[in-house]
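Asker: File name start-v3.cif; file contents mmCIF, C-alpha atoms, pLDDT in the B column; chains and numbers go by the auth columns; full text below.
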data_target
#
loop_
_atom_site.group_PDB
_atom_site.id
_atom_site.type_symbol
_atom_site.label_atom_id
_atom_site.label_comp_id
_atom_site.label_asym_id
_atom_site.label_seq_id
_atom_site.Cartn_x
_atom_site.Cartn_y
_atom_site.Cartn_z
_atom_site.B_iso_or_equiv
_atom_site.auth_seq_id
_atom_site.auth_asym_id
ATOM 1 C CA MET A 1 26.820 -48.340 -26.465 92.00 216 A
ATOM 2 C CA ILE A 2 29.898 -46.133 -26.557 97.00 217 A
ATOM 3 C CA GLU A 3 32.686 -47.272 -28.824 98.00 218 A
ATOM 4 C CA PHE A 4 36.145 -45.766 -29.201 98.00 219 A
ATOM 5 C CA ARG A 5 38.040 -46.637 -32.369 98.00 220 A
ATOM 6 C CA ASN A 6 41.742 -45.765 -32.566 98.00 221 A
ATOM 7 C CA ILE A 7 41.422 -42.574 -30.505 98.00 222 A
ATOM 8 C CA HIS A 8 44.564 -40.434 -30.409 98.00 223 A
ATOM 9 C CA LYS A 9 45.128 -37.180 -28.522 98.00 224 A
ATOM 10 C CA ALA A 10 48.267 -35.136 -27.935 98.00 225 A
ATOM 11 C CA PHE A 11 48.944 -31.862 -26.140 97.00 226 A
ATOM 12 C CA GLY A 12 51.954 -30.537 -27.986 96.00 227 A
ATOM 13 C CA ASP A 13 54.616 -33.241 -27.896 96.00 228 A
ATOM 14 C CA ASN A 14 52.840 -35.120 -25.116 96.00 229 A
ATOM 15 C CA GLU A 15 50.799 -37.978 -26.597 97.00 230 A
ATOM 16 C CA VAL A 16 48.101 -38.616 -24.007 98.00 231 A
ATOM 17 C CA LEU A 17 45.949 -41.170 -25.853 98.00 232 A
ATOM 18 C CA LYS A 18 47.753 -43.640 -28.081 98.00 233 A
ATOM 19 C CA GLY A 19 45.120 -45.405 -30.138 98.00 234 A
ATOM 20 C CA ILE A 20 42.347 -46.334 -27.700 98.00 235 A
ATOM 21 C CA ASN A 21 39.946 -49.081 -28.769 98.00 236 A
ATOM 22 C CA CYS A 22 37.153 -50.205 -26.444 97.00 237 A
ATOM 23 C CA THR A 23 33.402 -50.644 -26.136 97.00 238 A
ATOM 24 C CA ILE A 24 31.229 -49.603 -23.201 96.00 239 A
ATOM 25 C CA PRO A 25 27.905 -51.498 -23.225 93.00 240 A
ATOM 26 C CA THR A 26 24.598 -49.670 -22.960 94.00 241 A
ATOM 27 C CA GLY A 27 23.305 -49.507 -19.392 93.00 242 A
ATOM 28 C CA SER A 28 26.611 -50.576 -17.856 95.00 243 A
ATOM 29 C CA VAL A 29 28.606 -48.993 -15.058 96.00 244 A
ATOM 30 C CA THR A 30 32.153 -48.732 -16.376 97.00 245 A
ATOM 31 C CA VAL A 31 34.923 -47.508 -14.089 97.00 246 A
ATOM 32 C CA ILE A 32 38.201 -46.234 -15.528 98.00 247 A
ATOM 33 C CA ILE A 33 41.186 -46.427 -13.185 97.00 248 A
ATOM 34 C CA GLY A 34 44.853 -45.551 -13.536 96.00 249 A
ATOM 35 C CA SER A 35 47.571 -43.264 -12.255 94.00 250 A
ATOM 36 C CA SER A 36 47.446 -39.505 -12.721 92.00 251 A
ATOM 37 C CA GLY A 37 48.497 -38.696 -16.278 93.00 252 A
ATOM 38 C CA SER A 38 47.426 -42.066 -17.662 96.00 253 A
ATOM 39 C CA GLY A 39 44.899 -40.453 -20.035 97.00 254 A
ATOM 40 C CA LYS A 40 41.692 -41.578 -18.340 97.00 255 A
ATOM 41 C CA THR A 41 40.165 -38.113 -17.864 97.00 256 A
ATOM 42 C CA THR A 42 41.119 -37.077 -21.402 98.00 257 A
ATOM 43 C CA LEU A 43 39.385 -40.180 -22.746 98.00 258 A
ATOM 44 C CA LEU A 44 36.268 -39.431 -20.692 98.00 259 A
ATOM 45 C CA ARG A 45 36.156 -35.802 -21.836 97.00 260 A
ATOM 46 C CA SER A 46 36.572 -36.842 -25.466 98.00 261 A
ATOM 47 C CA VAL A 47 33.108 -38.445 -25.403 97.00 262 A
ATOM 48 C CA ASN A 48 31.295 -35.092 -25.337 95.00 263 A
ATOM 49 C CA PHE A 49 34.134 -33.144 -26.968 97.00 264 A
ATOM 50 C CA LEU A 50 35.169 -31.180 -23.894 96.00 265 A
ATOM 51 C CA GLU A 51 38.499 -32.427 -25.227 97.00 266 A
ATOM 52 C CA LYS A 52 38.582 -32.949 -28.993 97.00 267 A
ATOM 53 C CA ALA A 53 40.610 -36.007 -29.917 98.00 268 A
ATOM 54 C CA ASP A 54 43.041 -35.598 -32.810 98.00 269 A
ATOM 55 C CA ARG A 55 41.896 -38.627 -34.742 98.00 270 A
ATOM 56 C CA GLY A 56 39.759 -41.733 -34.474 98.00 271 A
ATOM 57 C CA GLU A 57 36.048 -42.454 -34.234 98.00 272 A
ATOM 58 C CA ILE A 58 33.542 -42.194 -31.383 98.00 273 A
ATOM 59 C CA ILE A 59 30.205 -43.966 -31.599 98.00 274 A
ATOM 60 C CA LEU A 60 27.258 -43.449 -29.263 97.00 275 A
ATOM 61 C CA ASP A 61 24.405 -45.705 -30.362 94.00 276 A
ATOM 62 C CA ASP A 62 23.288 -44.198 -33.690 94.00 277 A
ATOM 63 C CA ILE A 63 25.764 -41.279 -33.589 96.00 278 A
ATOM 64 C CA HIS A 64 28.981 -42.096 -35.445 97.00 279 A
ATOM 65 C CA ILE A 65 31.615 -39.357 -35.486 98.00 280 A
ATOM 66 C CA ASP A 66 35.009 -39.189 -37.173 98.00 281 A
ATOM 67 C CA VAL A 67 36.582 -36.751 -34.715 98.00 282 A
ATOM 68 C CA GLU A 68 38.721 -35.043 -37.356 97.00 283 A
ATOM 69 C CA LYS A 69 35.581 -34.170 -39.315 96.00 284 A
ATOM 70 C CA ALA A 70 33.266 -33.492 -36.364 97.00 285 A
ATOM 71 C CA SER A 71 30.846 -30.641 -37.092 96.00 286 A
ATOM 72 C CA LYS A 72 29.152 -28.371 -34.581 96.00 287 A
ATOM 73 C CA ALA A 73 25.959 -30.345 -35.230 96.00 288 A
ATOM 74 C CA ASP A 74 27.747 -33.628 -34.427 96.00 289 A
ATOM 75 C CA ILE A 75 29.112 -32.232 -31.175 96.00 290 A
ATOM 76 C CA HIS A 76 25.705 -30.801 -30.244 94.00 291 A
ATOM 77 C CA LYS A 77 24.072 -34.213 -30.793 94.00 292 A
ATOM 78 C CA MET A 78 26.643 -35.868 -28.557 96.00 293 A
ATOM 79 C CA ARG A 79 26.222 -33.285 -25.801 94.00 294 A
ATOM 80 C CA GLN A 80 22.434 -33.608 -25.976 93.00 295 A
ATOM 81 C CA ARG A 81 22.784 -37.298 -25.102 95.00 296 A
ATOM 82 C CA THR A 82 25.368 -36.961 -22.318 96.00 297 A
ATOM 83 C CA ALA A 83 25.774 -35.207 -18.970 97.00 298 A
ATOM 84 C CA MET A 84 28.927 -34.533 -16.963 96.00 299 A
ATOM 85 C CA VAL A 85 29.668 -34.535 -13.253 97.00 300 A
ATOM 86 C CA PHE A 86 32.842 -32.516 -12.799 96.00 301 A
ATOM 87 C CA GLN A 87 35.713 -32.892 -10.360 93.00 302 A
ATOM 88 C CA MET A 88 35.334 -29.281 -9.169 93.00 303 A
ATOM 89 C CA TYR A 89 31.490 -29.241 -9.226 94.00 304 A
ATOM 90 C CA ASN A 90 31.199 -26.409 -11.822 94.00 305 A
ATOM 91 C CA LEU A 91 28.118 -24.891 -10.204 97.00 306 A
ATOM 92 C CA PHE A 92 27.004 -21.344 -10.962 96.00 307 A
ATOM 93 C CA LYS A 93 28.056 -19.399 -7.864 97.00 308 A
ATOM 94 C CA ASN A 94 25.294 -16.786 -8.289 97.00 309 A
ATOM 95 C CA LYS A 95 22.499 -19.370 -8.518 97.00 310 A
ATOM 96 C CA THR A 96 20.853 -21.455 -5.817 98.00 311 A
ATOM 97 C CA ALA A 97 20.979 -25.247 -5.801 98.00 312 A
ATOM 98 C CA LEU A 98 17.511 -25.306 -7.352 98.00 313 A
ATOM 99 C CA GLU A 99 18.449 -22.772 -10.036 98.00 314 A
ATOM 100 C CA ASN A 100 21.642 -24.674 -10.882 97.00 315 A
ATOM 101 C CA ILE A 101 19.589 -27.761 -11.700 98.00 316 A
ATOM 102 C CA MET A 102 16.912 -25.797 -13.555 98.00 317 A
ATOM 103 C CA GLU A 103 19.437 -24.013 -15.765 96.00 318 A
ATOM 104 C CA GLY A 104 20.128 -26.927 -18.099 94.00 319 A
ATOM 105 C CA LEU A 105 16.454 -27.833 -18.264 96.00 320 A
ATOM 106 C CA THR A 106 15.277 -24.366 -19.294 96.00 321 A
ATOM 107 C CA VAL A 107 18.253 -23.339 -21.460 93.00 322 A
ATOM 108 C CA VAL A 108 19.301 -26.626 -23.099 88.00 323 A
ATOM 109 C CA LYS A 109 16.065 -28.638 -22.978 91.00 324 A
ATOM 110 C CA LYS A 110 13.809 -25.570 -23.447 93.00 325 A
ATOM 111 C CA MET A 111 11.546 -26.835 -20.659 95.00 326 A
ATOM 112 C CA PRO A 112 8.929 -24.476 -19.148 97.00 327 A
ATOM 113 C CA LYS A 113 10.102 -23.058 -15.816 96.00 328 A
ATOM 114 C CA THR A 114 7.304 -24.614 -13.769 97.00 329 A
ATOM 115 C CA GLU A 115 8.057 -28.074 -15.147 97.00 330 A
ATOM 116 C CA ALA A 116 11.808 -27.527 -14.713 97.00 331 A
ATOM 117 C CA LYS A 117 11.293 -26.501 -11.087 98.00 332 A
ATOM 118 C CA ASP A 118 9.225 -29.609 -10.317 97.00 333 A
ATOM 119 C CA LYS A 119 11.861 -31.822 -11.901 97.00 334 A
ATOM 120 C CA ALA A 120 14.713 -30.052 -10.093 97.00 335 A
ATOM 121 C CA LEU A 121 12.955 -30.463 -6.741 98.00 336 A
ATOM 122 C CA TYR A 122 12.408 -34.164 -7.475 97.00 337 A
ATOM 123 C CA PHE A 123 16.117 -34.750 -8.062 96.00 338 A
ATOM 124 C CA LEU A 124 17.129 -32.616 -5.096 97.00 339 A
ATOM 125 C CA GLU A 125 15.083 -34.999 -2.996 96.00 340 A
ATOM 126 C CA LYS A 126 16.766 -37.968 -4.724 94.00 341 A
ATOM 127 C CA VAL A 127 20.205 -36.768 -3.573 96.00 342 A
ATOM 128 C CA GLY A 128 18.939 -35.882 -0.095 95.00 343 A
ATOM 129 C CA LEU A 129 19.193 -32.095 -0.417 97.00 344 A
ATOM 130 C CA LEU A 130 15.622 -30.872 -0.785 97.00 345 A
ATOM 131 C CA ASN A 131 16.191 -28.710 2.304 97.00 346 A
ATOM 132 C CA LYS A 132 19.067 -26.937 0.490 98.00 347 A
ATOM 133 C CA ALA A 133 17.032 -25.894 -2.564 98.00 348 A
ATOM 134 C CA ASN A 134 17.508 -22.174 -1.869 98.00 349 A
ATOM 135 C CA SER A 135 21.129 -22.364 -0.732 98.00 350 A
ATOM 136 C CA TYR A 136 23.990 -20.973 -2.811 98.00 351 A
ATOM 137 C CA PRO A 137 27.160 -23.014 -3.498 97.00 352 A
ATOM 138 C CA SER A 138 29.111 -20.931 -0.970 97.00 353 A
ATOM 139 C CA GLU A 139 26.682 -22.118 1.706 98.00 354 A
ATOM 140 C CA LEU A 140 27.171 -25.796 0.869 97.00 355 A
ATOM 141 C CA SER A 141 29.935 -28.254 1.711 96.00 356 A
ATOM 142 C CA GLY A 142 31.965 -29.782 -1.091 96.00 357 A
ATOM 143 C CA GLY A 143 30.036 -33.019 -0.736 96.00 358 A
ATOM 144 C CA GLN A 144 26.725 -31.200 -0.983 97.00 359 A
ATOM 145 C CA GLN A 145 27.894 -29.273 -4.039 97.00 360 A
ATOM 146 C CA GLN A 146 28.877 -32.499 -5.745 97.00 361 A
ATOM 147 C CA ARG A 147 25.508 -34.032 -4.926 97.00 362 A
ATOM 148 C CA ILE A 148 23.886 -30.992 -6.589 97.00 363 A
ATOM 149 C CA GLY A 149 26.115 -31.688 -9.602 97.00 364 A
ATOM 150 C CA ILE A 150 24.833 -35.270 -9.703 97.00 365 A
ATOM 151 C CA ALA A 151 21.208 -34.080 -9.411 97.00 366 A
ATOM 152 C CA ARG A 152 21.824 -31.637 -12.268 97.00 367 A
ATOM 153 C CA ALA A 153 23.148 -34.442 -14.483 96.00 368 A
ATOM 154 C CA LEU A 154 20.257 -36.778 -13.604 96.00 369 A
ATOM 155 C CA ALA A 155 17.646 -34.121 -14.324 96.00 370 A
ATOM 156 C CA LEU A 156 18.793 -33.886 -17.945 95.00 371 A
ATOM 157 C CA ASN A 157 17.749 -37.532 -18.440 94.00 372 A
ATOM 158 C CA PRO A 158 20.834 -38.328 -20.542 95.00 373 A
ATOM 159 C CA ASP A 159 21.754 -41.614 -22.182 96.00 374 A
ATOM 160 C CA VAL A 160 25.216 -41.371 -20.607 97.00 375 A
ATOM 161 C CA ILE A 161 26.512 -39.733 -17.419 97.00 376 A
ATOM 162 C CA LEU A 162 30.252 -39.087 -17.286 98.00 377 A
ATOM 163 C CA PHE A 163 31.827 -38.750 -13.820 97.00 378 A
ATOM 164 C CA ASP A 164 35.260 -37.102 -13.804 96.00 379 A
ATOM 165 C CA GLU A 165 36.927 -38.044 -10.490 95.00 380 A
ATOM 166 C CA PRO A 166 33.852 -36.842 -8.566 95.00 381 A
ATOM 167 C CA THR A 167 35.387 -37.320 -5.093 95.00 382 A
ATOM 168 C CA SER A 168 38.998 -36.257 -5.660 92.00 383 A
ATOM 169 C CA ALA A 169 38.442 -32.628 -4.603 91.00 384 A
ATOM 170 C CA LEU A 170 36.596 -33.572 -1.396 93.00 385 A
ATOM 171 C CA ASP A 171 37.866 -33.778 2.159 92.00 386 A
ATOM 172 C CA PRO A 172 38.056 -37.456 3.194 89.00 387 A
ATOM 173 C CA GLU A 173 35.076 -37.220 5.548 89.00 388 A
ATOM 174 C CA LEU A 174 32.857 -35.988 2.683 92.00 389 A
ATOM 175 C CA VAL A 175 33.765 -38.710 0.177 94.00 390 A
ATOM 176 C CA GLY A 176 31.364 -41.260 1.666 93.00 391 A
ATOM 177 C CA GLU A 177 28.220 -39.182 1.189 94.00 392 A
ATOM 178 C CA VAL A 178 28.956 -38.665 -2.519 95.00 393 A
ATOM 179 C CA LEU A 179 29.798 -42.328 -3.089 94.00 394 A
ATOM 180 C CA GLU A 180 26.546 -43.349 -1.403 94.00 395 A
ATOM 181 C CA VAL A 181 24.566 -41.121 -3.770 95.00 396 A
ATOM 182 C CA MET A 182 26.487 -42.537 -6.728 94.00 397 A
ATOM 183 C CA LYS A 183 25.705 -46.093 -5.608 93.00 398 A
ATOM 184 C CA LYS A 184 22.043 -45.155 -5.401 92.00 399 A
ATOM 185 C CA VAL A 185 22.229 -43.704 -8.911 90.00 400 A
ATOM 186 C CA THR A 186 23.686 -46.929 -10.314 89.00 401 A
ATOM 187 C CA GLN A 187 20.751 -48.863 -8.863 88.00 402 A
ATOM 188 C CA GLU A 188 17.961 -46.528 -9.948 88.00 403 A
ATOM 189 C CA VAL A 189 18.761 -44.889 -13.269 88.00 404 A
ATOM 190 C CA ASN A 190 18.488 -46.482 -16.677 88.00 405 A
ATOM 191 C CA CYS A 191 21.507 -45.035 -18.418 93.00 406 A
ATOM 192 C CA THR A 192 25.177 -45.754 -19.057 96.00 407 A
ATOM 193 C CA LEU A 193 27.586 -44.524 -16.384 96.00 408 A
ATOM 194 C CA VAL A 194 31.283 -43.987 -17.023 97.00 409 A
ATOM 195 C CA VAL A 195 33.280 -43.117 -13.903 97.00 410 A
ATOM 196 C CA VAL A 196 36.920 -42.037 -13.664 97.00 411 A
ATOM 197 C CA THR A 197 37.960 -42.586 -10.061 95.00 412 A
ATOM 198 C CA HIS A 198 40.634 -43.752 -7.622 92.00 413 A
ATOM 199 C CA GLU A 199 37.990 -45.242 -5.324 92.00 414 A
ATOM 200 C CA ILE A 200 38.811 -48.927 -5.769 93.00 415 A
ATOM 201 C CA ASN A 201 36.234 -50.188 -3.271 91.00 416 A
ATOM 202 C CA PHE A 202 33.527 -48.255 -5.105 93.00 417 A
ATOM 203 C CA ALA A 203 34.681 -49.860 -8.363 94.00 418 A
ATOM 204 C CA ARG A 204 34.539 -53.285 -6.764 93.00 419 A
ATOM 205 C CA GLU A 205 31.002 -52.750 -5.432 92.00 420 A
ATOM 206 C CA VAL A 206 29.219 -51.078 -8.346 93.00 421 A
ATOM 207 C CA ALA A 207 31.131 -51.560 -11.603 95.00 422 A
ATOM 208 C CA ASP A 208 30.113 -54.003 -14.306 95.00 423 A
ATOM 209 C CA HIS A 209 33.341 -53.362 -16.182 96.00 424 A
ATOM 210 C CA ILE A 210 36.730 -51.911 -15.236 97.00 425 A
ATOM 211 C CA ILE A 211 39.272 -50.367 -17.583 98.00 426 A
ATOM 212 C CA PHE A 212 42.838 -49.881 -16.353 98.00 427 A
ATOM 213 C CA MET A 213 44.817 -47.280 -18.283 98.00 428 A
ATOM 214 C CA ASP A 214 48.500 -46.444 -18.141 97.00 429 A
ATOM 215 C CA ASN A 215 50.610 -44.115 -20.259 97.00 430 A
ATOM 216 C CA GLY A 216 47.854 -43.481 -22.807 98.00 431 A
ATOM 217 C CA VAL A 217 46.851 -47.086 -23.493 98.00 432 A
ATOM 218 C CA ILE A 218 44.399 -49.608 -22.075 98.00 433 A
ATOM 219 C CA VAL A 219 46.540 -52.157 -20.255 98.00 434 A
ATOM 220 C CA GLU A 220 43.733 -54.413 -19.106 97.00 435 A
ATOM 221 C CA GLN A 221 39.946 -54.468 -18.905 97.00 436 A
ATOM 222 C CA GLY A 222 37.245 -56.826 -17.703 96.00 437 A
ATOM 223 C CA PRO A 223 34.819 -57.587 -14.850 96.00 438 A
ATOM 224 C CA PRO A 224 35.742 -56.258 -11.374 95.00 439 A
ATOM 225 C CA LEU A 225 36.422 -59.720 -9.956 91.00 440 A
ATOM 226 C CA GLU A 226 38.886 -60.424 -12.757 95.00 441 A
ATOM 227 C CA ILE A 227 40.703 -57.067 -12.766 95.00 442 A
ATOM 228 C CA LEU A 228 40.799 -56.374 -9.030 94.00 443 A
ATOM 229 C CA SER A 229 41.271 -59.901 -7.717 91.00 444 A
ATOM 230 C CA ASN A 230 43.218 -61.584 -10.483 93.00 445 A
ATOM 231 C CA PRO A 231 44.902 -59.020 -12.754 95.00 446 A
ATOM 232 C CA LYS A 232 47.009 -60.518 -15.526 95.00 447 A
ATOM 233 C CA GLU A 233 49.375 -57.647 -16.277 96.00 448 A
ATOM 234 C CA ASP A 234 52.280 -56.686 -14.012 96.00 449 A
ATOM 235 C CA ARG A 235 51.514 -52.976 -14.439 96.00 450 A
ATOM 236 C CA THR A 236 47.953 -53.532 -13.203 96.00 451 A
ATOM 237 C CA LYS A 237 49.230 -55.467 -10.192 95.00 452 A
ATOM 238 C CA GLN A 238 51.729 -52.709 -9.432 95.00 453 A
ATOM 239 C CA PHE A 239 49.044 -50.024 -9.543 95.00 454 A
ATOM 240 C CA LEU A 240 46.530 -51.995 -7.480 94.00 455 A
ATOM 241 C CA SER A 241 49.126 -52.973 -4.866 91.00 456 A
ATOM 242 C CA ARG A 242 48.633 -49.493 -3.350 85.00 457 A
ATOM 243 C CA TYR A 243 45.069 -50.493 -2.518 80.00 458 A
ATOM 244 C CA ILE A 244 44.990 -54.301 -2.463 73.00 459 A
ATOM 245 C CA ALA A 245 47.419 -56.858 -1.059 59.00 460 A
ATOM 246 C CA PHE A 246 48.155 -59.667 -3.514 50.00 461 A
ATOM 247 C CA THR A 247 49.544 -62.961 -2.277 43.00 462 A
ATOM 248 C CA GLU A 248 50.847 -65.586 -4.641 44.00 463 A
ATOM 249 C CA TYR A 249 50.868 -69.204 -3.469 34.00 464 A
ATOM 250 C CA ASN A 250 52.989 -71.944 -4.938 37.00 465 A
ATOM 251 C CA ILE A 251 51.381 -75.313 -4.339 29.00 466 A
#
What does this structure look like when you write it as structure tokens?
Answerer:
Amino acid sequence: MIEFRNIHKAFGDNEVLKGINCTIPTGSVTVIIGSSGSGKTTLLRSVNFLEKADRGEIILDDIHIDVEKASKADIHKMRQRTAMVFQMYNLFKNKTALENIMEGLTVVKKMPKTEAKDKALYFLEKVGLLNKANSYPSELSGGQQQRIGIARALALNPDVILFDEPTSALDPELVGEVLEVMKKVTQEVNCTLVVVTHEINFAREVADHIIFMDNGVIVEQGPPLEILSNPKEDRTKQFLSRYIAFTEYNI
């Protein structure tokens, strides 16, 4: 379980998160949607302190952190339990696909190289890129690089995987391959997934829970059928109208 209690974050005079309160159940697939600038990525990055919130509490199972008092040990514990899939892949350019996945296993998990290699090869196969094990990022498409990023996250065996708009930097024809791998992940792994995305159809197909954010607050949240097919708030309807046609009938 991830719980946010009264999370606030500002960049200068710009208040990005305005007292977020929500709970993400263990083992769920939670999708966060909203316009650019709504605060969804900042909220996601606050989980593992890639962005440090200004005040509030973040709870991950038995880890309970007051963000104002967070120590290096607290942050390390949180990062040990989470993995991130970044918008821009964040692969080491001077390392092969295999070495990119092994890096976290040998450096962070202190795993022997032979064991790390076997595990990295296993997850390369899972994302359909075993034949690219010795390729460098410059030799891979954006979709392939993102799939390596997903394999890297999976290999760490985290309690939580955080996806930060994983398809937004891809050419349209490459989006599908990454979404297919993500769908496979949701079916096979036993961890909590939190996904910030604009891919509404993906949210409809795989999410257990959807959070709609706007202007630093949670406007509405609930099951996909409720949020995407029958949103209660006008702001949610306005946002979703770009993707979904709503028709109101008076009988």
Asker: At a cut-off of 12 Å, can you tabulate as a tab-separated table every residue of region 392-415 of chain A near region 291-304 of chain A together with its closest atom pair and the distance in Å to one decimal, using all atoms listed in the file and ordering rows by chain then number?
Answerer:
residue	atom	partner	partner_atom	distance
A:Val393	CA	A:Val300	CA	11.5
A:Met397	CA	A:Val300	CA	10.8
A:Cys406	CA	A:Thr297	CA	9.8
A:Thr407	CA	A:Thr297	CA	9.4
A:Leu408	CA	A:Ala298	CA	9.8
A:Val409	CA	A:Met299	CA	9.7
A:Val410	CA	A:Val300	CA	9.3
A:Val411	CA	A:Gln302	CA	9.8
A:Thr412	CA	A:Gln302	CA	10.0
Asker: Just say which residues the PyMOL selection byres ((chain A and resi 431) around 8) picks in this file, as a list in words.
Answerer: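 Output of the PyMOL selection byres ((chain A and resi 431) around 8): Glu230, Val231, Leu232, Lys233, Ile235, Ser253, Gly254, Lys255, Met428, Asp429, Asn430, Val432 and Ile433 of chain A.
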Asker: Given the choices A:Val396, A:Met317, A:Ile217, A:Leu258, which gets closest to Gly358 (chain A) if the distance is worked out from only C-alpha atoms?
Answerer: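 Using only C-alpha atoms, Gly358 (chain A) sits closest to A:Val396.
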Asker: Calculated over only C-alpha atoms, which of the candidates A:Leu355, A:Ala285, A:Ile365, A:Ala370 has the smallest distance to Asp333 (chain A)?
Answerer: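 Residue with the minimum atom-to-atom distance to Asp333 (chain A): A:Ala370.
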Asker: Using all atoms listed in the file, which residue out of A:Phe338, A:Pro240, A:Ile426, A:Gly437 lies closest to Val400 (chain A)?
Answerer: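 Closest to Val400 (chain A), using all atoms listed in the file: A:Phe338.
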Asker: Name the residues within 10 Å of (48.7, -52.2, -10.9), counting all atoms listed in the file in the file's coordinates, and put them as a PDB file with C-alpha atoms, keeping the file's coordinate frame.
Answerer:
ATOM      1  CA  ILE A 248      41.186 -46.427 -13.185  1.00 97.00           C
ATOM      2  CA  GLY A 249      44.853 -45.551 -13.536  1.00 96.00           C
ATOM      3  CA  SER A 250      47.571 -43.264 -12.255  1.00 94.00           C
ATOM      4  CA  PHE A 427      42.838 -49.881 -16.353  1.00 98.00           C
ATOM      5  CA  MET A 428      44.817 -47.280 -18.283  1.00 98.00           C
ATOM      6  CA  ASP A 429      48.500 -46.444 -18.141  1.00 97.00           C
ATOM      7  CA  VAL A 434      46.540 -52.157 -20.255  1.00 98.00           C
ATOM      8  CA  GLU A 435      43.733 -54.413 -19.106  1.00 97.00           C
ATOM      9  CA  ILE A 442      40.703 -57.067 -12.766  1.00 95.00           C
ATOM     10  CA  LEU A 443      40.799 -56.374  -9.030  1.00 94.00           C
ATOM     11  CA  PRO A 446      44.902 -59.020 -12.754  1.00 95.00           C
ATOM     12  CA  LYS A 447      47.009 -60.518 -15.526  1.00 95.00           C
ATOM     13  CA  GLU A 448      49.375 -57.647 -16.277  1.00 96.00           C
ATOM     14  CA  ASP A 449      52.280 -56.686 -14.012  1.00 96.00           C
ATOM     15  CA  ARG A 450      51.514 -52.976 -14.439  1.00 96.00           C
ATOM     16  CA  THR A 451      47.953 -53.532 -13.203  1.00 96.00           C
ATOM     17  CA  LYS A 452      49.230 -55.467 -10.192  1.00 95.00           C
ATOM     18  CA  GLN A 453      51.729 -52.709  -9.432  1.00 95.00           C
ATOM     19  CA  PHE A 454      49.044 -50.024  -9.543  1.00 95.00           C
ATOM     20  CA  LEU A 455      46.530 -51.995  -7.480  1.00 94.00           C
ATOM     21  CA  SER A 456      49.126 -52.973  -4.866  1.00 91.00           C
ATOM     22  CA  ARG A 457      48.633 -49.493  -3.350  1.00 85.00           C
ATOM     23  CA  TYR A 458      45.069 -50.493  -2.518  1.00 80.00           C
ATOM     24  CA  ILE A 459      44.990 -54.301  -2.463  1.00 73.00           C
TER      25      ILE A 459
END
Asker: Quick one, how far is CA of Thr329 (chain A) from CA of Ser350 (chain A)?
Answerer: 19.1 Å
Asker: Please write the residues picked by the PyMOL selection byres ((chain A and resi 267-274) around 6) on this file as a list in words.
Answerer: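 Evaluating the PyMOL selection byres ((chain A and resi 267-274) around 6) on these coordinates yields Ile217, Glu218, Phe219, Arg220, Asn221, Ile222, His223, Lys224, Ser261, Phe264, Glu266, Leu275, Ile278, His279, Ile280, Asp281, Val282 and Glu283 of chain A.
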